[in-house]
>>> print(open('input_6.cif').read())   # mmCIF, C-alpha atoms and all ligand atoms
data_final
#
loop_
_atom_site.group_PDB
_atom_site.id
_atom_site.type_symbol
_atom_site.label_atom_id
_atom_site.label_comp_id
_atom_site.auth_asym_id
_atom_site.auth_seq_id
_atom_site.Cartn_x
_atom_site.Cartn_y
_atom_site.Cartn_z
ATOM 1 C CA VAL A 432 0.000 0.000 0.000
ATOM 2 C CA ARG A 433 1.254 3.463 -0.932
ATOM 3 C CA ILE A 434 1.609 5.692 2.134
ATOM 4 C CA LYS A 435 2.204 9.453 1.995
ATOM 5 C CA PHE A 436 3.294 11.729 4.821
ATOM 6 C CA VAL A 437 2.219 15.297 4.042
ATOM 7 C CA LYS A 438 2.057 18.763 5.598
ATOM 8 C CA PRO A 439 -1.360 20.312 6.327
ATOM 9 C CA SER A 440 -2.563 23.230 4.194
ATOM 10 C CA PHE A 441 -5.530 25.450 3.370
ATOM 11 C CA GLU A 442 -6.999 27.410 0.483
ATOM 12 C CA ILE A 443 -9.296 30.431 0.749
ATOM 13 C CA ASP A 444 -12.293 30.959 -1.545
ATOM 14 C CA MET A 445 -13.630 34.517 -1.371
ATOM 15 C CA LEU A 446 -16.765 33.424 -3.226
ATOM 16 C CA GLY A 447 -16.518 35.824 -6.141
ATOM 17 C CA GLN A 448 -15.923 39.097 -4.303
ATOM 18 C CA THR A 449 -12.793 40.850 -3.073
ATOM 19 C CA GLY A 450 -12.470 41.624 0.629
ATOM 20 C CA ILE A 451 -13.105 45.327 -0.080
ATOM 21 C CA GLU A 452 -16.272 44.523 -2.057
ATOM 22 C CA LYS A 453 -17.506 42.512 0.912
ATOM 23 C CA LEU A 454 -16.777 45.408 3.290
ATOM 24 C CA LYS A 455 -18.656 47.814 1.014
ATOM 25 C CA HIS A 456 -21.599 45.412 0.985
ATOM 26 C CA ILE A 457 -21.611 45.396 4.803
ATOM 27 C CA GLU A 458 -21.489 49.200 4.800
ATOM 28 C CA LYS A 459 -24.536 49.384 2.506
ATOM 29 C CA ILE A 460 -26.456 46.982 4.751
ATOM 30 C CA ALA A 461 -25.479 48.687 8.011
ATOM 31 C CA ARG A 462 -26.215 52.229 6.819
ATOM 32 C CA LEU A 463 -29.853 51.233 6.434
ATOM 33 C CA CYS A 464 -30.038 51.171 10.239
ATOM 34 C CA TYR A 465 -29.202 54.880 10.392
ATOM 35 C CA LYS A 466 -30.587 55.817 6.948
ATOM 36 C CA THR A 467 -27.208 57.251 5.975
ATOM 37 C CA GLU A 468 -26.861 55.466 2.638
ATOM 38 C CA ASP A 469 -26.249 58.883 1.024
ATOM 39 C CA LYS A 470 -22.981 59.214 2.997
ATOM 40 C CA ILE A 471 -21.335 56.340 1.089
ATOM 41 C CA THR A 472 -18.070 57.324 -0.626
ATOM 42 C CA ASP A 473 -15.259 55.253 -2.057
ATOM 43 C CA ASP A 474 -13.547 54.756 1.312
ATOM 44 C CA SER A 475 -16.321 55.479 3.831
ATOM 45 C CA TYR A 476 -16.560 51.747 4.592
ATOM 46 C CA GLU A 477 -13.286 51.936 6.571
ATOM 47 C CA LYS A 478 -14.686 54.223 9.279
ATOM 48 C CA LEU A 479 -18.091 52.546 9.285
ATOM 49 C CA ILE A 480 -16.656 49.041 9.750
ATOM 50 C CA LYS A 481 -14.434 50.267 12.611
ATOM 51 C CA HIS A 482 -17.513 51.800 14.228
ATOM 52 C CA LEU A 483 -19.509 48.540 13.924
ATOM 53 C CA ILE A 484 -16.734 46.482 15.491
ATOM 54 C CA LYS A 485 -16.182 48.992 18.298
ATOM 55 C CA LEU A 486 -19.886 48.998 19.216
ATOM 56 C CA ASP A 487 -20.177 45.196 18.890
ATOM 57 C CA HIS A 488 -22.832 45.859 16.248
ATOM 58 C CA THR A 489 -21.523 42.625 14.731
ATOM 59 C CA ALA A 490 -24.806 41.250 13.390
ATOM 60 C CA MET A 491 -23.963 43.470 10.401
ATOM 61 C CA ILE A 492 -20.813 41.524 9.561
ATOM 62 C CA GLU A 493 -22.869 38.350 9.280
ATOM 63 C CA HIS A 494 -23.817 39.691 5.838
ATOM 64 C CA ALA A 495 -20.457 38.660 4.337
ATOM 65 C CA ASN A 496 -18.715 35.302 4.249
ATOM 66 C CA PHE A 497 -15.883 33.277 2.757
ATOM 67 C CA ALA A 498 -14.993 29.608 2.501
ATOM 68 C CA VAL A 499 -11.804 27.718 3.403
ATOM 69 C CA LYS A 500 -10.714 24.256 2.371
ATOM 70 C CA PHE A 501 -8.421 22.627 4.910
ATOM 71 C CA ILE A 502 -6.263 19.588 4.252
ATOM 72 C CA ALA A 503 -5.605 18.464 7.810
ATOM 73 C CA ASN A 504 -5.937 15.507 10.125
ATOM 74 C CA ARG A 505 -9.102 14.017 11.584
ATOM 75 C CA ALA A 506 -8.464 15.494 15.057
ATOM 76 C CA PHE A 507 -8.301 18.981 13.522
ATOM 77 C CA THR A 508 -11.630 18.532 11.729
ATOM 78 C CA HIS A 509 -13.239 16.926 14.771
ATOM 79 C CA GLU A 510 -12.485 20.124 16.688
ATOM 80 C CA LEU A 511 -13.520 22.398 13.811
ATOM 81 C CA VAL A 512 -16.966 20.851 13.332
ATOM 82 C CA ARG A 513 -17.871 21.678 16.950
ATOM 83 C CA HIS A 514 -18.578 25.188 15.655
ATOM 84 C CA ARG A 515 -22.312 25.286 15.017
ATOM 85 C CA PRO A 516 -23.052 28.236 12.727
ATOM 86 C CA PRO A 517 -20.765 27.235 9.785
ATOM 87 C CA SER A 518 -21.620 24.935 6.870
ATOM 88 C CA PHE A 519 -19.281 21.988 6.256
ATOM 89 C CA ALA A 520 -18.485 19.375 3.614
ATOM 90 C CA GLN A 521 -15.938 16.683 4.534
ATOM 91 C CA GLU A 522 -14.250 13.870 2.635
ATOM 92 C CA SER A 523 -16.012 10.684 3.705
ATOM 93 C CA GLN A 524 -14.219 7.724 5.280
ATOM 94 C CA ARG A 525 -17.319 5.632 4.509
ATOM 95 C CA TYR A 526 -17.237 6.104 0.746
ATOM 96 C CA VAL A 527 -13.569 6.929 0.053
ATOM 97 C CA GLY A 528 -11.346 3.845 0.220
ATOM 98 C CA TYR A 529 -7.955 5.580 -0.309
ATOM 99 C CA GLY A 530 -7.379 3.579 -3.501
ATOM 100 C CA ASP A 531 -4.217 5.428 -4.632
ATOM 101 C CA ALA A 532 -2.602 6.082 -1.276
ATOM 102 C CA ILE A 533 -3.323 6.511 2.411
ATOM 103 C CA GLU A 534 -2.077 9.896 3.621
ATOM 104 C CA PHE A 535 -1.110 11.051 7.093
ATOM 105 C CA ILE A 536 -0.592 14.615 8.316
ATOM 106 C CA ILE A 537 2.878 15.190 9.748
ATOM 107 C CA PRO A 538 2.673 16.500 13.354
ATOM 108 C CA SER A 539 3.717 20.160 13.545
ATOM 109 C CA TRP A 540 6.098 19.470 16.462
ATOM 110 C CA SER A 541 7.973 16.647 14.727
ATOM 111 C CA GLY A 542 10.984 16.949 12.476
ATOM 112 C CA ILE A 543 9.534 14.594 9.860
ATOM 113 C CA LYS A 544 9.858 15.760 6.277
ATOM 114 C CA PRO A 545 7.209 14.873 3.650
ATOM 115 C CA PHE A 546 7.897 11.482 2.043
ATOM 116 C CA GLU A 547 6.205 8.431 0.539
ATOM 117 C CA CYS A 548 6.770 4.711 1.061
ATOM 118 C CA ASP A 549 5.239 1.309 0.387
ATOM 119 C CA GLY A 550 4.347 -0.559 3.578
ATOM 120 C CA TYR A 551 7.209 -1.381 5.925
ATOM 121 C CA ILE A 552 9.856 -1.236 3.197
ATOM 122 C CA VAL A 553 12.625 0.883 4.692
ATOM 123 C CA ASN A 554 14.350 2.937 2.042
ATOM 124 C CA ASP A 555 16.602 5.987 1.886
ATOM 125 C CA ASP A 556 13.586 8.321 1.822
ATOM 126 C CA ILE A 557 12.587 7.163 5.303
ATOM 127 C CA ARG A 558 16.101 7.482 6.683
ATOM 128 C CA LEU A 559 16.301 11.061 5.369
ATOM 129 C CA ALA A 560 12.826 12.093 6.547
ATOM 130 C CA VAL A 561 12.723 10.623 10.073
ATOM 131 C CA ASN A 562 15.417 11.330 12.643
ATOM 132 C CA THR A 563 14.283 10.967 16.232
ATOM 133 C CA VAL A 564 13.052 7.893 18.118
ATOM 134 C CA ALA A 565 9.626 9.479 18.706
ATOM 135 C CA ASP A 566 9.271 10.352 15.025
ATOM 136 C CA ARG A 567 10.138 6.760 14.096
ATOM 137 C CA ILE A 568 7.579 5.356 16.553
ATOM 138 C CA TRP A 569 4.919 7.620 15.038
ATOM 139 C CA VAL A 570 5.808 6.751 11.427
ATOM 140 C CA ASN A 571 5.816 3.001 12.194
ATOM 141 C CA SER A 572 2.441 3.327 13.876
ATOM 142 C CA MET A 573 0.988 5.013 10.749
ATOM 143 C CA ILE A 574 2.485 2.385 8.451
ATOM 144 C CA GLY A 575 1.003 -0.357 10.650
ATOM 145 C CA ALA A 576 -2.452 1.252 10.580
ATOM 146 C CA ALA A 577 -2.325 1.762 6.796
ATOM 147 C CA SER A 578 -1.228 -1.836 6.211
ATOM 148 C CA ASP A 579 -3.953 -3.209 8.504
ATOM 149 C CA TYR A 580 -6.556 -1.012 6.775
ATOM 150 C CA LYS A 581 -5.513 -2.292 3.342
ATOM 151 C CA GLN A 582 -5.546 -5.924 4.538
ATOM 152 C CA LEU A 583 -9.050 -5.520 5.965
ATOM 153 C CA LEU A 584 -10.234 -4.209 2.571
ATOM 154 C CA ASP A 585 -8.478 -7.133 0.849
ATOM 155 C CA ASN A 586 -10.349 -9.469 3.217
ATOM 156 C CA GLY A 587 -13.766 -8.137 2.311
ATOM 157 C CA TRP A 588 -14.357 -5.242 4.724
ATOM 158 C CA LYS A 589 -15.833 -2.044 3.287
ATOM 159 C CA PRO A 590 -14.127 1.350 3.778
ATOM 160 C CA GLU A 591 -16.794 2.278 6.368
ATOM 161 C CA GLN A 592 -15.760 -0.803 8.384
ATOM 162 C CA ALA A 593 -11.992 -0.855 7.824
ATOM 163 C CA ARG A 594 -11.729 2.836 8.843
ATOM 164 C CA ASP A 595 -12.001 1.630 12.442
ATOM 165 C CA VAL A 596 -8.231 1.081 12.495
ATOM 166 C CA LEU A 597 -7.275 4.493 11.063
ATOM 167 C CA PRO A 598 -5.804 7.029 13.525
ATOM 168 C CA ASN A 599 -6.494 10.722 14.156
ATOM 169 C CA ALA A 600 -3.461 11.571 12.018
ATOM 170 C CA CYS A 601 -5.244 10.368 8.879
ATOM 171 C CA LYS A 602 -5.487 13.100 6.226
ATOM 172 C CA THR A 603 -8.912 14.520 5.507
ATOM 173 C CA GLU A 604 -10.278 17.448 3.499
ATOM 174 C CA ILE A 605 -13.000 19.790 4.652
ATOM 175 C CA TRP A 606 -14.724 22.896 3.275
ATOM 176 C CA ILE A 607 -16.054 25.356 5.820
ATOM 177 C CA THR A 608 -18.179 28.336 4.799
ATOM 178 C CA THR A 609 -19.275 30.893 7.342
ATOM 179 C CA ASN A 610 -19.746 34.593 7.931
ATOM 180 C CA PHE A 611 -17.276 37.175 9.223
ATOM 181 C CA ARG A 612 -18.768 37.206 12.716
ATOM 182 C CA GLU A 613 -18.261 33.458 13.143
ATOM 183 C CA TRP A 614 -14.777 33.601 11.599
ATOM 184 C CA ARG A 615 -13.864 36.214 14.226
ATOM 185 C CA HIS A 616 -15.096 33.819 16.918
ATOM 186 C CA ILE A 617 -13.194 30.895 15.371
ATOM 187 C CA PHE A 618 -9.944 32.894 15.233
ATOM 188 C CA LYS A 619 -10.435 34.055 18.838
ATOM 189 C CA LEU A 620 -10.614 30.438 20.037
ATOM 190 C CA ARG A 621 -8.443 28.639 17.488
ATOM 191 C CA ASP A 622 -5.628 31.138 16.877
ATOM 192 C CA HIS A 623 -4.870 31.216 20.593
ATOM 193 C CA HIS A 624 -2.117 29.756 22.749
ATOM 194 C CA THR A 625 -4.578 27.341 24.376
ATOM 195 C CA ALA A 626 -5.670 25.862 21.026
ATOM 196 C CA SER A 627 -4.244 22.491 20.014
ATOM 197 C CA PRO A 628 -0.904 22.795 18.167
ATOM 198 C CA GLN A 629 -2.158 21.488 14.826
ATOM 199 C CA MET A 630 -5.209 23.747 15.009
ATOM 200 C CA ARG A 631 -2.995 26.755 15.724
ATOM 201 C CA GLU A 632 -0.528 25.791 12.998
ATOM 202 C CA LEU A 633 -3.177 26.440 10.316
ATOM 203 C CA MET A 634 -5.382 29.023 12.033
ATOM 204 C CA GLU A 635 -2.546 31.431 12.805
ATOM 205 C CA LEU A 636 -1.497 31.556 9.163
ATOM 206 C CA LEU A 637 -5.081 31.704 7.903
ATOM 207 C CA HIS A 638 -5.867 34.541 10.325
ATOM 208 C CA ILE A 639 -2.905 36.583 9.080
ATOM 209 C CA ARG A 640 -3.837 35.931 5.441
ATOM 210 C CA VAL A 641 -7.508 36.867 5.972
ATOM 211 C CA ALA A 642 -6.684 39.998 7.999
ATOM 212 C CA GLY A 643 -4.648 41.187 5.002
ATOM 213 C CA MET A 644 -7.467 40.497 2.523
ATOM 214 C CA ILE A 645 -10.277 41.977 4.654
ATOM 215 C CA PRO A 646 -8.810 44.956 6.554
ATOM 216 C CA GLY A 647 -10.395 46.125 9.812
ATOM 217 C CA VAL A 648 -12.446 43.035 10.682
ATOM 218 C CA PHE A 649 -9.900 40.418 11.737
ATOM 219 C CA ASP A 650 -7.123 42.570 13.253
HETATM 220 C C1 LIG B 701 -8.971 25.281 23.875
HETATM 221 C C2 LIG B 701 -10.247 24.507 23.704
HETATM 222 C C3 LIG B 701 -10.436 23.314 24.387
HETATM 223 C C4 LIG B 701 -11.624 22.584 24.233
HETATM 224 N N1 LIG B 701 -11.781 21.426 24.934
HETATM 225 C C5 LIG B 701 -12.943 20.730 24.829
HETATM 226 C C6 LIG B 701 -13.165 19.515 25.546
HETATM 227 O O1 LIG B 701 -12.300 19.038 26.270
HETATM 228 N N2 LIG B 701 -14.356 18.873 25.400
HETATM 229 C C7 LIG B 701 -15.362 19.362 24.616
HETATM 230 O O2 LIG B 701 -16.445 18.770 24.539
HETATM 231 N N3 LIG B 701 -15.178 20.507 23.893
HETATM 232 C C8 LIG B 701 -14.009 21.196 23.974
HETATM 233 N N4 LIG B 701 -13.843 22.352 23.249
HETATM 234 C C9 LIG B 701 -14.908 22.767 22.326
HETATM 235 C C10 LIG B 701 -15.755 23.921 22.917
HETATM 236 O O3 LIG B 701 -16.434 23.513 24.073
HETATM 237 C C11 LIG B 701 -16.773 24.432 21.875
HETATM 238 O O4 LIG B 701 -17.650 23.380 21.533
HETATM 239 C C12 LIG B 701 -16.133 24.912 20.609
HETATM 240 O O5 LIG B 701 -15.001 25.695 20.886
HETATM 241 C C13 LIG B 701 -17.139 25.742 19.799
HETATM 242 O O6 LIG B 701 -17.248 27.007 20.394
HETATM 243 P P1 LIG B 701 -18.600 27.762 20.746
HETATM 244 O O7 LIG B 701 -19.594 26.838 21.295
HETATM 245 O O8 LIG B 701 -18.247 29.010 21.522
HETATM 246 O O9 LIG B 701 -18.984 28.345 19.369
HETATM 247 P P2 LIG B 701 -19.873 28.073 18.080
HETATM 248 O O10 LIG B 701 -20.570 26.788 18.035
HETATM 249 O O11 LIG B 701 -18.934 28.436 16.975
HETATM 250 O O12 LIG B 701 -20.970 29.192 18.235
HETATM 251 C C14 LIG B 701 -20.631 30.581 18.185
HETATM 252 C C15 LIG B 701 -21.335 31.302 19.302
HETATM 253 O O13 LIG B 701 -22.735 31.233 19.048
HETATM 254 C C16 LIG B 701 -23.417 31.120 20.290
HETATM 255 N N5 LIG B 701 -24.126 29.831 20.301
HETATM 256 C C17 LIG B 701 -24.022 28.803 19.410
HETATM 257 N N6 LIG B 701 -24.866 27.808 19.719
HETATM 258 C C18 LIG B 701 -25.518 28.193 20.843
HETATM 259 C C19 LIG B 701 -26.495 27.596 21.658
HETATM 260 N N7 LIG B 701 -26.993 26.377 21.405
HETATM 261 N N8 LIG B 701 -26.935 28.285 22.722
HETATM 262 C C20 LIG B 701 -26.469 29.507 23.024
HETATM 263 N N9 LIG B 701 -25.515 30.147 22.291
HETATM 264 C C21 LIG B 701 -25.052 29.495 21.207
HETATM 265 C C22 LIG B 701 -22.381 31.191 21.397
HETATM 266 O O14 LIG B 701 -22.230 32.537 21.779
HETATM 267 C C23 LIG B 701 -21.128 30.736 20.692
HETATM 268 O O15 LIG B 701 -19.939 31.200 21.307
HETATM 269 C C24 LIG B 701 -12.659 23.067 23.379
HETATM 270 C C25 LIG B 701 -12.456 24.268 22.671
HETATM 271 C C26 LIG B 701 -11.282 24.979 22.815
HETATM 272 C C27 LIG B 701 -11.090 26.254 22.020
#
>>> encode(input="input_6.cif", output="structure tokens", more="lines below")
Ligand SMILES: Cc1cc2nc3c(=O)[nH]c(=O)nc-3n(C[C@H](O)[C@H](O)[C@H](O)COP(=O)(O)OP(=O)(O)OC[C@H]3O[C@@H](n4cnc5c(N)ncnc54)[C@H](O)[C@@H]3O)c2cc1C
Amino acid sequence: VRIKFVKPSFEIDMLGQTGIEKLKHIEKIARLCYKTEDKITDDSYEKLIKHLIKLDHTAMIEHANFAVKFIANRAFTHELVRHRPPSFAQESQRYVGYGDAIEFIIPSWSGIKPFECDGYIVNDDIRLAVNTVADRIWVNSMIGAASDYKQLLDNGWKPEQARDVLPNACKTEIWITTNFREWRHIFKLRDHHTASPQMRELMELLHIRVAGMIPGVFD
């Protein structure tokens, strides 16, 4: 069985609008409250958005959203789906049988470099990618789980049954779509020193990226 050890990643989908267009849309919506639509200029959204955030008038920022696709491990997504307002779509372990390869997400605190192997065959790639005893224990555990999974399939179990032996480190893909207000909440909890390390690894970078694309909301 082909086994891949990969780094986690994400991609942002702004759903057809730039960050500034989304902010201008929020401004239009929010100005209805005060009937000040006539005050809209090219950059008036900056002050208005600041005002909304300062007053906690954050129902207004529910009127804009964006989506993110994460490639991460199953523990990451298990934590992420505890958030109730967002919409999710996740790669299924019932219907996807990892025909080409079983992938595992490399722990952020390990020194393991991305590599591929076939079962327990030890080759130069493994020697180069894995250096410490703990890293070797982890890699061997993943190879064992992947081999057992494949053997269960070969012996007639379906993916939804054989998945029982797959660990948290198994790679999965998930789309999450939600509004700015909920993203602010997610960043508050998940880009925080108390968040789990693999959650923080992606959320910190995503937060920085999003704050640059949508100024004033995620600072
Ligand atoms: C560091 C950390 C450790 C954690 N450890 C554990 C753990 O050990 N065990 C565990 O089970 N969970 C754990 N969690 C998950 C946590 O309890 C929440 O389920 C998760 O963070 C989602 O947050 P939330 O409920 O605030 O927000 P969301 O579901 O994203 O909702 C956003 C906000 O909407 C409001 N809201 C949503 N639904 C309701 C509702 N039904 N009633 C009232 N208000 C609502 C709340 O204001 C909420 O903050 C942990 C989370 C973190 C960040």
>>> atom_distance(input="input_6.cif", atom1="atom CA of Ser518 of chain A", atom2="atom CA of Leu597 of chain A")
25.3 Å
>>> resolve_selection(input="input_6.cif", expression="the PyMOL selection byres (((chain A and resi 573) around 9) and not hetatm)", output="PyMOL selection string")
chain A and resi 434+535+568-572+574-578+597-598+600-601
>>> closest_residue(input="input_6.cif", among="A:Glu632, A:Glu477, A:Asp622, A:Asp595", to="Trp540 of chain A", atoms="only C-alpha atoms")
A:Glu632
>>> residues_around(input="input_6.cif", residues="Pro538 of chain A", least_positions_apart="3", cutoff="9 Å", atoms="all atoms listed in the file", output="ChimeraX atom specification")
/A:438-439,541-543,600,628-629
>>> residues_near_ligand(input="input_6.cif", ligand="ligand LIG 701 (chain B)", cutoff="7 Å", atoms="all atoms listed in the file", output="number ranges by chain")
A: 510, 513-516, 613, 616-617, 620-621, 625-627
>>> write_last_selection(input="input_6.cif", atoms="C-alpha atoms", output="PDB file, in the frame of the given file")
ATOM      1  CA  GLU A 510     -12.485  20.124  16.688  1.00  0.00           C
ATOM      2  CA  ARG A 513     -17.871  21.678  16.950  1.00  0.00           C
ATOM      3  CA  HIS A 514     -18.578  25.188  15.655  1.00  0.00           C
ATOM      4  CA  ARG A 515     -22.312  25.286  15.017  1.00  0.00           C
ATOM      5  CA  PRO A 516     -23.052  28.236  12.727  1.00  0.00           C
ATOM      6  CA  GLU A 613     -18.261  33.458  13.143  1.00  0.00           C
ATOM      7  CA  HIS A 616     -15.096  33.819  16.918  1.00  0.00           C
ATOM      8  CA  ILE A 617     -13.194  30.895  15.371  1.00  0.00           C
ATOM      9  CA  LEU A 620     -10.614  30.438  20.037  1.00  0.00           C
ATOM     10  CA  ARG A 621      -8.443  28.639  17.488  1.00  0.00           C
ATOM     11  CA  THR A 625      -4.578  27.341  24.376  1.00  0.00           C
ATOM     12  CA  ALA A 626      -5.670  25.862  21.026  1.00  0.00           C
ATOM     13  CA  SER A 627      -4.244  22.491  20.014  1.00  0.00           C
TER      14      SER A 627
END
>>> closest_residue(input="input_6.cif", among="A:Thr467, A:Asn599, A:Asn504, A:Gln582", to="Ser440 of chain A", atoms="all atoms listed in the file")
A:Asn504
>>> closest_residue(input="input_6.cif", among="A:Ile457, A:Leu479, A:Ile451, A:Ala560", to="Ile645 of chain A", atoms="all atoms listed in the file")
A:Ile451
>>> closest_residue(input="input_6.cif", among="A:Lys581, A:Lys544, A:Arg505, A:Lys500", to="Thr603 of chain A", atoms="all atoms listed in the file")
A:Arg505
>>> closest_residue(input="input_6.cif", among="A:Glu458, A:Val527, A:Tyr465, A:Cys548", to="Lys478 of chain A", atoms="only C-alpha atoms")
A:Glu458
>>> axis_aligned_box(input="input_6.cif", around="segment 612-630 of chain A", padding_each_side="6 Å", output="JSON")
{"center_x": -9.8, "center_y": 29.3, "center_z": 18.0, "size_x": 29.9, "size_y": 27.7, "size_z": 24.8}
>>> resolve_selection(input="input_6.cif", expression="the PyMOL selection byres (((chain A and resi 461) around 10) and not hetatm)", output="number ranges by chain")
A: 455-460, 462-468, 479-480, 483, 488-492, 494
>>> atom_distance(input="input_6.cif", atom1="atom CA of Gly530 of chain A", atom2="atom CA of Phe546 of chain A")
18.1 Å
>>> resolve_selection(input="input_6.cif", expression="the PyMOL selection byres (((chain A and resi 445) around 9) and not hetatm)", output="number ranges by chain")
A: 443-444, 446-450, 496-499
>>> closest_residue(input="input_6.cif", among="A:Phe611, A:Ser475, A:Met634, A:Arg640", to="Ala503 of chain A", atoms="all atoms listed in the file")
A:Met634
>>> atom_distance(input="input_6.cif", atom1="atom CA of Thr609 of chain A", atom2="atom CA of Phe441 of chain A")
15.3 Å
>>> decode(input="input_6.cif", residues="segment 481-530 of chain A", atoms="C-alpha atoms", output="PDB file, in the first residue's frame")
ATOM      1  CA  LYS A 481     -14.434  50.267  12.611  1.00  0.00           C
ATOM      2  CA  HIS A 482     -17.513  51.800  14.228  1.00  0.00           C
ATOM      3  CA  LEU A 483     -19.509  48.540  13.924  1.00  0.00           C
ATOM      4  CA  ILE A 484     -16.734  46.482  15.491  1.00  0.00           C
ATOM      5  CA  LYS A 485     -16.182  48.992  18.298  1.00  0.00           C
ATOM      6  CA  LEU A 486     -19.886  48.998  19.216  1.00  0.00           C
ATOM      7  CA  ASP A 487     -20.177  45.196  18.890  1.00  0.00           C
ATOM      8  CA  HIS A 488     -22.832  45.859  16.248  1.00  0.00           C
ATOM      9  CA  THR A 489     -21.523  42.625  14.731  1.00  0.00           C
ATOM     10  CA  ALA A 490     -24.806  41.250  13.390  1.00  0.00           C
ATOM     11  CA  MET A 491     -23.963  43.470  10.401  1.00  0.00           C
ATOM     12  CA  ILE A 492     -20.813  41.524   9.561  1.00  0.00           C
ATOM     13  CA  GLU A 493     -22.869  38.350   9.280  1.00  0.00           C
ATOM     14  CA  HIS A 494     -23.817  39.691   5.838  1.00  0.00           C
ATOM     15  CA  ALA A 495     -20.457  38.660   4.337  1.00  0.00           C
ATOM     16  CA  ASN A 496     -18.715  35.302   4.249  1.00  0.00           C
ATOM     17  CA  PHE A 497     -15.883  33.277   2.757  1.00  0.00           C
ATOM     18  CA  ALA A 498     -14.993  29.608   2.501  1.00  0.00           C
ATOM     19  CA  VAL A 499     -11.804  27.718   3.403  1.00  0.00           C
ATOM     20  CA  LYS A 500     -10.714  24.256   2.371  1.00  0.00           C
ATOM     21  CA  PHE A 501      -8.421  22.627   4.910  1.00  0.00           C
ATOM     22  CA  ILE A 502      -6.263  19.588   4.252  1.00  0.00           C
ATOM     23  CA  ALA A 503      -5.605  18.464   7.810  1.00  0.00           C
ATOM     24  CA  ASN A 504      -5.937  15.507  10.125  1.00  0.00           C
ATOM     25  CA  ARG A 505      -9.102  14.017  11.584  1.00  0.00           C
ATOM     26  CA  ALA A 506      -8.464  15.494  15.057  1.00  0.00           C
ATOM     27  CA  PHE A 507      -8.301  18.981  13.522  1.00  0.00           C
ATOM     28  CA  THR A 508     -11.630  18.532  11.729  1.00  0.00           C
ATOM     29  CA  HIS A 509     -13.239  16.926  14.771  1.00  0.00           C
ATOM     30  CA  GLU A 510     -12.485  20.124  16.688  1.00  0.00           C
ATOM     31  CA  LEU A 511     -13.520  22.398  13.811  1.00  0.00           C
ATOM     32  CA  VAL A 512     -16.966  20.851  13.332  1.00  0.00           C
ATOM     33  CA  ARG A 513     -17.871  21.678  16.950  1.00  0.00           C
ATOM     34  CA  HIS A 514     -18.578  25.188  15.655  1.00  0.00           C
ATOM     35  CA  ARG A 515     -22.312  25.286  15.017  1.00  0.00           C
ATOM     36  CA  PRO A 516     -23.052  28.236  12.727  1.00  0.00           C
ATOM     37  CA  PRO A 517     -20.765  27.235   9.785  1.00  0.00           C
ATOM     38  CA  SER A 518     -21.620  24.935   6.870  1.00  0.00           C
ATOM     39  CA  PHE A 519     -19.281  21.988   6.256  1.00  0.00           C
ATOM     40  CA  ALA A 520     -18.485  19.375   3.614  1.00  0.00           C
ATOM     41  CA  GLN A 521     -15.938  16.683   4.534  1.00  0.00           C
ATOM     42  CA  GLU A 522     -14.250  13.870   2.635  1.00  0.00           C
ATOM     43  CA  SER A 523     -16.012  10.684   3.705  1.00  0.00           C
ATOM     44  CA  GLN A 524     -14.219   7.724   5.280  1.00  0.00           C
ATOM     45  CA  ARG A 525     -17.319   5.632   4.509  1.00  0.00           C
ATOM     46  CA  TYR A 526     -17.237   6.104   0.746  1.00  0.00           C
ATOM     47  CA  VAL A 527     -13.569   6.929   0.053  1.00  0.00           C
ATOM     48  CA  GLY A 528     -11.346   3.845   0.220  1.00  0.00           C
ATOM     49  CA  TYR A 529      -7.955   5.580  -0.309  1.00  0.00           C
ATOM     50  CA  GLY A 530      -7.379   3.579  -3.501  1.00  0.00           C
TER      51      GLY A 530
END
